[in-house]
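Next up, start_38.tsv (TSV, C-alpha atoms):
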chain	number	residue	atom	x	y	z
V	206	MET	CA	46.28	67.57	-18.52
V	207	TRP	CA	45.82	68.05	-22.27
V	208	LEU	CA	49.56	67.75	-22.92
V	209	LYS	CA	49.77	64.61	-20.75
V	210	ALA	CA	47.03	63.04	-22.87
V	211	LYS	CA	48.78	63.99	-26.11
V	212	LEU	CA	52.02	62.35	-24.94
V	213	SER	CA	50.30	58.96	-25.13
V	214	ASP	CA	49.44	59.51	-28.80
V	215	PRO	CA	52.01	57.64	-30.97
V	216	ARG	CA	51.90	60.51	-33.49
V	217	ILE	CA	53.62	62.79	-30.97
V	218	ARG	CA	56.99	61.30	-32.02
V	219	LEU	CA	56.50	62.72	-35.49
V	220	PHE	CA	56.72	66.25	-34.12
V	221	LEU	CA	58.91	66.03	-30.99
V	222	GLU	CA	62.32	64.49	-30.41
V	223	ASP	CA	62.44	61.53	-28.01
V	224	ASP	CA	64.44	63.40	-25.36
V	225	VAL	CA	61.87	66.22	-25.34
V	226	ILE	CA	59.05	63.70	-24.90
V	227	GLU	CA	60.85	61.99	-22.00
V	228	ASN	CA	61.49	65.33	-20.29
V	229	LEU	CA	57.82	66.25	-20.61
V	230	LYS	CA	56.74	62.89	-19.20
V	231	GLU	CA	58.98	63.43	-16.18
V	232	GLU	CA	57.65	66.93	-15.59
V	233	LEU	CA	54.05	65.74	-15.94
V	234	ALA	CA	54.46	62.51	-13.97
V	235	ASP	CA	51.96	63.60	-11.31
V	236	VAL	CA	49.44	65.08	-13.76
V	237	LYS	CA	46.27	63.17	-14.60
V	238	PRO	CA	45.65	63.09	-18.40
V	239	LEU	CA	42.59	64.93	-19.68
V	240	TYR	CA	41.49	61.75	-21.47
V	241	ARG	CA	42.74	58.30	-22.45
V	242	HIS	CA	42.61	56.86	-25.95
V	243	GLU	CA	40.70	53.80	-24.73
V	244	HIS	CA	37.84	56.18	-23.87
V	245	PHE	CA	37.08	56.51	-27.59
V	246	ARG	CA	35.68	53.91	-29.96
V	247	LEU	CA	35.87	54.95	-33.61
V	248	THR	CA	33.78	52.84	-35.97
V	249	ASP	CA	34.31	54.65	-39.28
V	250	ARG	CA	38.09	54.48	-39.52
V	251	HIS	CA	40.25	52.30	-41.76
V	252	ALA	CA	42.41	49.67	-40.02
V	253	ASP	CA	45.41	50.11	-42.34
V	254	HIS	CA	46.56	53.45	-40.94
V	255	ASP	CA	50.17	54.62	-41.12
V	256	ASP	CA	52.63	52.96	-38.74
V	257	TYR	CA	53.48	56.03	-36.66
V	258	SER	CA	55.99	54.09	-34.52
V	259	ASP	CA	58.12	52.88	-37.43
V	260	GLU	CA	61.53	54.57	-37.28
V	261	LYS	CA	61.79	54.94	-41.04
V	262	TYR	CA	58.32	56.50	-41.19
V	263	ILE	CA	59.22	58.93	-38.40
V	264	ALA	CA	62.44	59.96	-40.17
V	265	ASN	CA	60.64	60.46	-43.49
V	266	PHE	CA	57.85	62.46	-41.85
V	267	ARG	CA	60.27	64.76	-40.04
V	268	ALA	CA	62.24	65.29	-43.26
V	269	ALA	CA	59.02	66.09	-45.14
V	270	LEU	CA	57.83	68.47	-42.41
V	271	ASP	CA	61.16	70.28	-42.44
V	272	ALA	CA	60.97	70.54	-46.23
V	273	VAL	CA	57.50	72.13	-45.96
V	274	LYS	CA	58.57	74.64	-43.32
V	275	LYS	CA	61.72	75.72	-45.17
V	276	ARG	CA	60.39	75.21	-48.71
V	277	LYS	CA	63.28	72.87	-49.51
V	278	ILE	CA	63.65	71.12	-52.84
V	279	VAL	CA	63.87	67.37	-52.16
V	280	ASP	CA	64.39	64.18	-54.12
V	281	ILE	CA	61.74	61.59	-53.27
V	282	SER	CA	61.26	57.96	-54.23
V	283	PHE	CA	57.91	56.38	-53.39
V	284	MET	CA	55.41	53.72	-54.42
V	285	SER	CA	52.25	55.09	-55.99
V	286	GLY	CA	48.77	53.86	-55.14
V	287	HIS	CA	48.84	51.92	-58.42
V	288	GLY	CA	51.97	50.02	-57.38
V	289	LYS	CA	54.39	51.97	-59.59
V	290	ARG	CA	57.77	53.22	-58.45
V	291	VAL	CA	58.01	57.01	-58.75
V	292	SER	CA	61.16	59.06	-58.31
V	293	GLY	CA	61.62	62.76	-58.85
V	294	ARG	CA	62.37	66.20	-57.52
V	295	PHE	CA	59.61	67.86	-55.50
V	296	VAL	CA	58.63	70.90	-53.49
V	297	LEU	CA	56.39	69.94	-50.56
V	298	LEU	CA	53.80	72.62	-49.87
V	299	LYS	CA	51.54	71.31	-47.13
V	300	ILE	CA	51.09	68.18	-44.99
V	301	GLU	CA	47.55	67.04	-44.24
V	302	PHE	CA	46.17	64.28	-42.01
V	303	SER	CA	43.17	62.18	-43.03
V	304	PRO	CA	41.35	61.06	-39.85
V	305	LYS	CA	39.28	58.47	-41.73
V	306	ASN	CA	42.34	56.79	-43.27
V	307	GLY	CA	44.78	57.54	-40.47
V	308	LYS	CA	47.33	58.70	-43.05
V	309	PHE	CA	49.50	61.78	-43.52
V	310	ARG	CA	49.99	63.08	-47.06
V	311	ALA	CA	51.86	65.94	-48.65
V	312	TYR	CA	50.61	68.31	-51.35
V	313	CYS	CA	53.47	69.08	-53.69
V	314	TYR	CA	54.78	70.34	-56.99
V	315	ARG	CA	56.95	68.08	-59.11
V	316	LEU	CA	59.85	69.89	-60.74
V	317	SER	CA	61.61	69.44	-64.06
V	318	ASN	CA	64.67	71.57	-64.82
V	319	ASP	CA	63.84	73.70	-61.76
V	320	LYS	CA	60.38	74.51	-63.17
V	321	ILE	CA	56.97	73.31	-62.01
V	322	LYS	CA	55.92	70.28	-64.06
V	323	ASN	CA	52.68	69.35	-62.31
V	324	SER	CA	51.03	69.13	-58.91
V	325	GLY	CA	50.51	65.99	-56.90
V	326	LEU	CA	49.85	64.23	-53.64
V	327	ILE	CA	52.25	61.87	-51.85
V	328	ASN	CA	51.31	59.61	-48.96
V	329	ILE	CA	54.07	59.83	-46.35
V	330	GLY	CA	53.73	56.11	-45.63
V	331	ARG	CA	54.62	55.27	-49.24
V	332	ILE	CA	57.91	57.19	-49.24
V	333	ASP	CA	61.05	55.05	-49.45
V	334	THR	CA	63.63	57.83	-49.48
V	335	ILE	CA	63.55	61.61	-49.16
V	336	THR	CA	66.80	63.48	-49.73
V	337	ASP	CA	67.53	67.16	-49.23
V	338	THR	CA	69.08	68.76	-52.33
V	339	GLU	CA	70.23	71.71	-50.18
V	340	ARG	CA	68.33	74.03	-52.49
V	341	ILE	CA	65.37	76.29	-51.70
V	342	PHE	CA	62.33	76.86	-53.90
V	343	ARG	CA	62.04	80.63	-53.95
V	344	THR	CA	59.12	81.08	-56.34
V	345	PRO	CA	56.11	82.43	-54.39
V	346	VAL	CA	53.37	79.82	-53.98
V	347	SER	CA	49.69	80.55	-53.32
V	348	MET	CA	47.91	77.57	-51.75
V	349	ASP	CA	44.59	79.04	-52.93
V	350	ASP	CA	45.85	78.93	-56.51
V	351	TYR	CA	47.23	75.44	-55.95
V	352	PHE	CA	43.93	74.02	-54.75
V	353	SER	CA	41.98	75.90	-57.43
V	354	SER	CA	44.11	74.23	-60.10
V	355	CYS	CA	43.27	70.79	-58.61
V	356	LYS	CA	39.53	71.42	-58.29
V	357	CYS	CA	37.24	69.18	-60.31
V	358	SER	CA	35.83	70.66	-63.52
V	359	ALA	CA	32.33	69.45	-62.66
V	360	PRO	CA	31.03	69.02	-59.10
V	361	ALA	CA	29.64	65.83	-57.63
V	362	VAL	CA	25.82	66.12	-57.58
V	363	ILE	CA	24.23	64.35	-54.62
V	364	ARG	CA	20.56	63.81	-53.77
V	365	LEU	CA	20.21	63.63	-50.00
V	366	THR	CA	17.34	62.62	-47.70
V	367	ASN	CA	17.06	63.23	-43.96
V	368	GLU	CA	16.60	59.57	-43.04
V	369	ARG	CA	18.88	58.51	-40.16
V	370	ASN	CA	19.63	62.18	-39.60
V	371	GLY	CA	21.34	62.11	-43.00
V	372	VAL	CA	21.41	65.84	-43.70
V	373	GLU	CA	23.16	66.79	-40.48
V	374	ARG	CA	25.68	63.93	-40.78
V	375	PHE	CA	26.39	64.79	-44.42
V	376	MET	CA	26.91	68.49	-43.77
V	377	LEU	CA	29.21	67.70	-40.85
V	378	GLU	CA	31.24	65.18	-42.82
V	379	PHE	CA	31.68	67.51	-45.79
V	380	ALA	CA	31.96	70.77	-43.85
V	381	PRO	CA	35.41	71.61	-45.34
V	382	TYR	CA	34.17	71.22	-48.93
V	383	GLU	CA	32.87	73.95	-51.18
V	384	LYS	CA	29.22	73.18	-51.93
V	385	HIS	CA	25.88	74.56	-53.05
V	386	THR	CA	22.72	73.12	-51.49
V	387	VAL	CA	19.09	73.36	-52.61
V	388	ARG	CA	16.10	71.93	-50.69
V	389	ASP	CA	12.99	70.65	-52.44
V	390	LEU	CA	10.10	71.99	-50.33
V	391	GLU	CA	7.68	69.32	-51.63
V	392	THR	CA	9.80	66.20	-51.02
V	393	GLY	CA	12.09	67.52	-48.29
V	394	GLN	CA	15.07	66.17	-50.22
V	395	TYR	CA	18.27	68.13	-50.78
V	396	THR	CA	20.44	68.41	-53.88
V	397	VAL	CA	24.07	69.19	-53.14
V	398	GLU	CA	26.73	70.24	-55.63
V	399	LEU	CA	30.08	69.30	-54.09
V	400	TRP	CA	33.42	70.56	-55.42
V	401	TYR	CA	36.46	68.47	-54.57
V	402	ASP	CA	40.13	67.94	-55.32
V	403	GLU	CA	40.40	65.50	-58.23
V	404	GLN	CA	43.31	63.82	-56.43
V	405	ASP	CA	40.87	62.93	-53.62
V	406	GLU	CA	38.19	61.40	-55.85
V	407	THR	CA	38.62	57.85	-54.51
V	408	GLU	CA	38.47	59.00	-50.88
V	409	LEU	CA	35.43	61.16	-51.68
V	410	LEU	CA	33.69	58.15	-53.24
V	411	ILE	CA	34.35	56.01	-50.16
V	412	MET	CA	33.00	58.77	-47.92
V	413	LEU	CA	29.84	59.08	-50.05
V	414	LEU	CA	29.18	55.34	-50.12
V	415	SER	CA	29.41	55.20	-46.33
V	416	PHE	CA	26.03	57.01	-46.22
V	417	GLY	CA	24.27	54.08	-47.88
V	418	PRO	CA	20.67	54.66	-49.06
V	419	VAL	CA	20.57	58.15	-47.53
V	420	ILE	CA	22.17	59.54	-50.70
V	421	GLU	CA	22.13	59.03	-54.45
V	422	ILE	CA	25.03	60.10	-56.65
V	423	LEU	CA	23.44	61.82	-59.64
V	424	GLY	CA	26.61	62.88	-61.41
V	425	PRO	CA	28.99	63.28	-63.00
V	426	ASP	CA	28.62	60.01	-64.93
V	427	ASN	CA	32.16	58.88	-64.17
V	428	LEU	CA	31.66	59.19	-60.41
V	429	ARG	CA	28.27	57.48	-60.57
V	430	SER	CA	29.77	54.61	-62.62
V	431	GLN	CA	32.58	54.13	-60.10
V	432	ALA	CA	30.05	53.99	-57.27
V	433	LYS	CA	28.03	51.38	-59.16
V	434	GLU	CA	31.13	49.24	-59.78
V	435	ARG	CA	32.10	49.33	-56.10
V	436	LEU	CA	28.59	48.39	-54.97
V	437	GLU	CA	28.40	45.51	-57.47
V	438	LYS	CA	31.79	44.24	-56.35
V	439	GLN	CA	30.73	44.39	-52.71
V	440	TYR	CA	27.52	42.54	-53.53
V	441	ARG	CA	29.45	39.74	-55.28
V	442	LEU	CA	31.80	39.37	-52.32
V	443	LEU	CA	28.87	39.05	-49.91
V	444	TYR	CA	26.38	36.94	-51.82
V	445	GLU	CA	28.19	35.01	-54.58

Turn this file's structure into structure tokens for me.
Amino acid sequence: MWLKAKLSDPRIRLFLEDDVIENLKEELADVKPLYRHEHFRLTDRHADHDDYSDEKYIANFRAALDAVKKRKIVDISFMSGHGKRVSGRFVLLKIEFSPKNGKFRAYCYRLSNDKIKNSGLINIGRIDTITDTERIFRTPVSMDDYFSSCKCSAPAVIRLTNERNGVERFMLEFAPYEKHTVRDLETGQYTVELWYDEQDETELLIMLLSFGPVIEILGPDNLRSQAKERLEKQYRLLYE
């Protein structure tokens, strides 16, 4: 029943060949799915998710997944979030899915003369071409070291109240993040230090702003300034 439900998810084609999917559908023709996607209504998701049914996207995803599994060195050309064309040689280390954005992205190292130049993050949906160089990256890689190198130098400092069940929602939303929490016994407010990947700063900011008046971003100054700019821009769009 669970597998029958998963077969209706368009993302299944990213992981299984079409003939395998058709064979499974035939074998499970008389099985009632555990759930249907129309049973769920998600209100906090972006509408511009990846096009999982696009043939080019599927081919690029499968190539990226194969590169991760076999630690292949690949040549990739993609469009950055700032609209710039980027081309280079990469080692893809891990693919991650963002439920809020509906996007797959790959953590990677960029290479120069077969040596690590820097680390980065590539959205699968932005890839134009991915080409196997038929070479393997044999240097041992520790994902713990990778993520430690990307961690922000100063944590986001958040003041949090329990209005609208804010504390429970916040802790659930940021469960995967490293954090330190202190509760003020007099006011009942919480102060949370939140460590995050600097590459995810924009997504973190969007997640924080979704809590509205339940939170206040105390620092660092750069993050607080970005939040202020976004709120002012939203205000102008609504009332000016």

Near stretch 426-443 of chain V, counting all atoms listed in the file, which residues have an atom at most 9 Å away, once you skip same-chain residues fewer than 2 positions from it, shown as a list in words?
Ala361, Glu406, Leu410, Ile411, Leu413, Leu414, Glu421, Ile422, Leu423, Gly424 and Glu445 of chain V

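With only C-alpha atoms as the basis for measurement, V:Ile363 is the residue among V:Leu239, V:Ala234, V:Val225, V:Ile363 that approaches V:Arg388 most closely.
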
First collect every listed atom of stretch 400-415 of chain V; then fit an axis-aligned box around them, widen it by 3 Å on each side, and give centre and edge lengths in Å to one decimal, as AutoDock Vina command-line options.
--center_x 36.2 --center_y 62.9 --center_z -52.3 --size_x 20.1 --size_y 21.4 --size_z 17.9

Shell around V:Ile420 at 12 Å using all atoms listed in the file, local window under 6 positions removed, as a list in words
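The residues satisfying every condition are Ala361, Val362, Ile363, Arg364, Leu365, Thr366, Asn367, Glu368, Arg369, Asn370, Gly371, Val372, Arg374, Phe375, Gln394, Tyr395, Thr396, Val397, Leu410, Met412, Leu413, Leu414, Arg429 and Ala432 of chain V.
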
Interatomic distance (Å, one decimal) between atom CA of V:His254 and atom CA of V:Asp214:
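According to the coordinates, atom CA of V:His254 and atom CA of V:Asp214 are separated by 13.9 Å.
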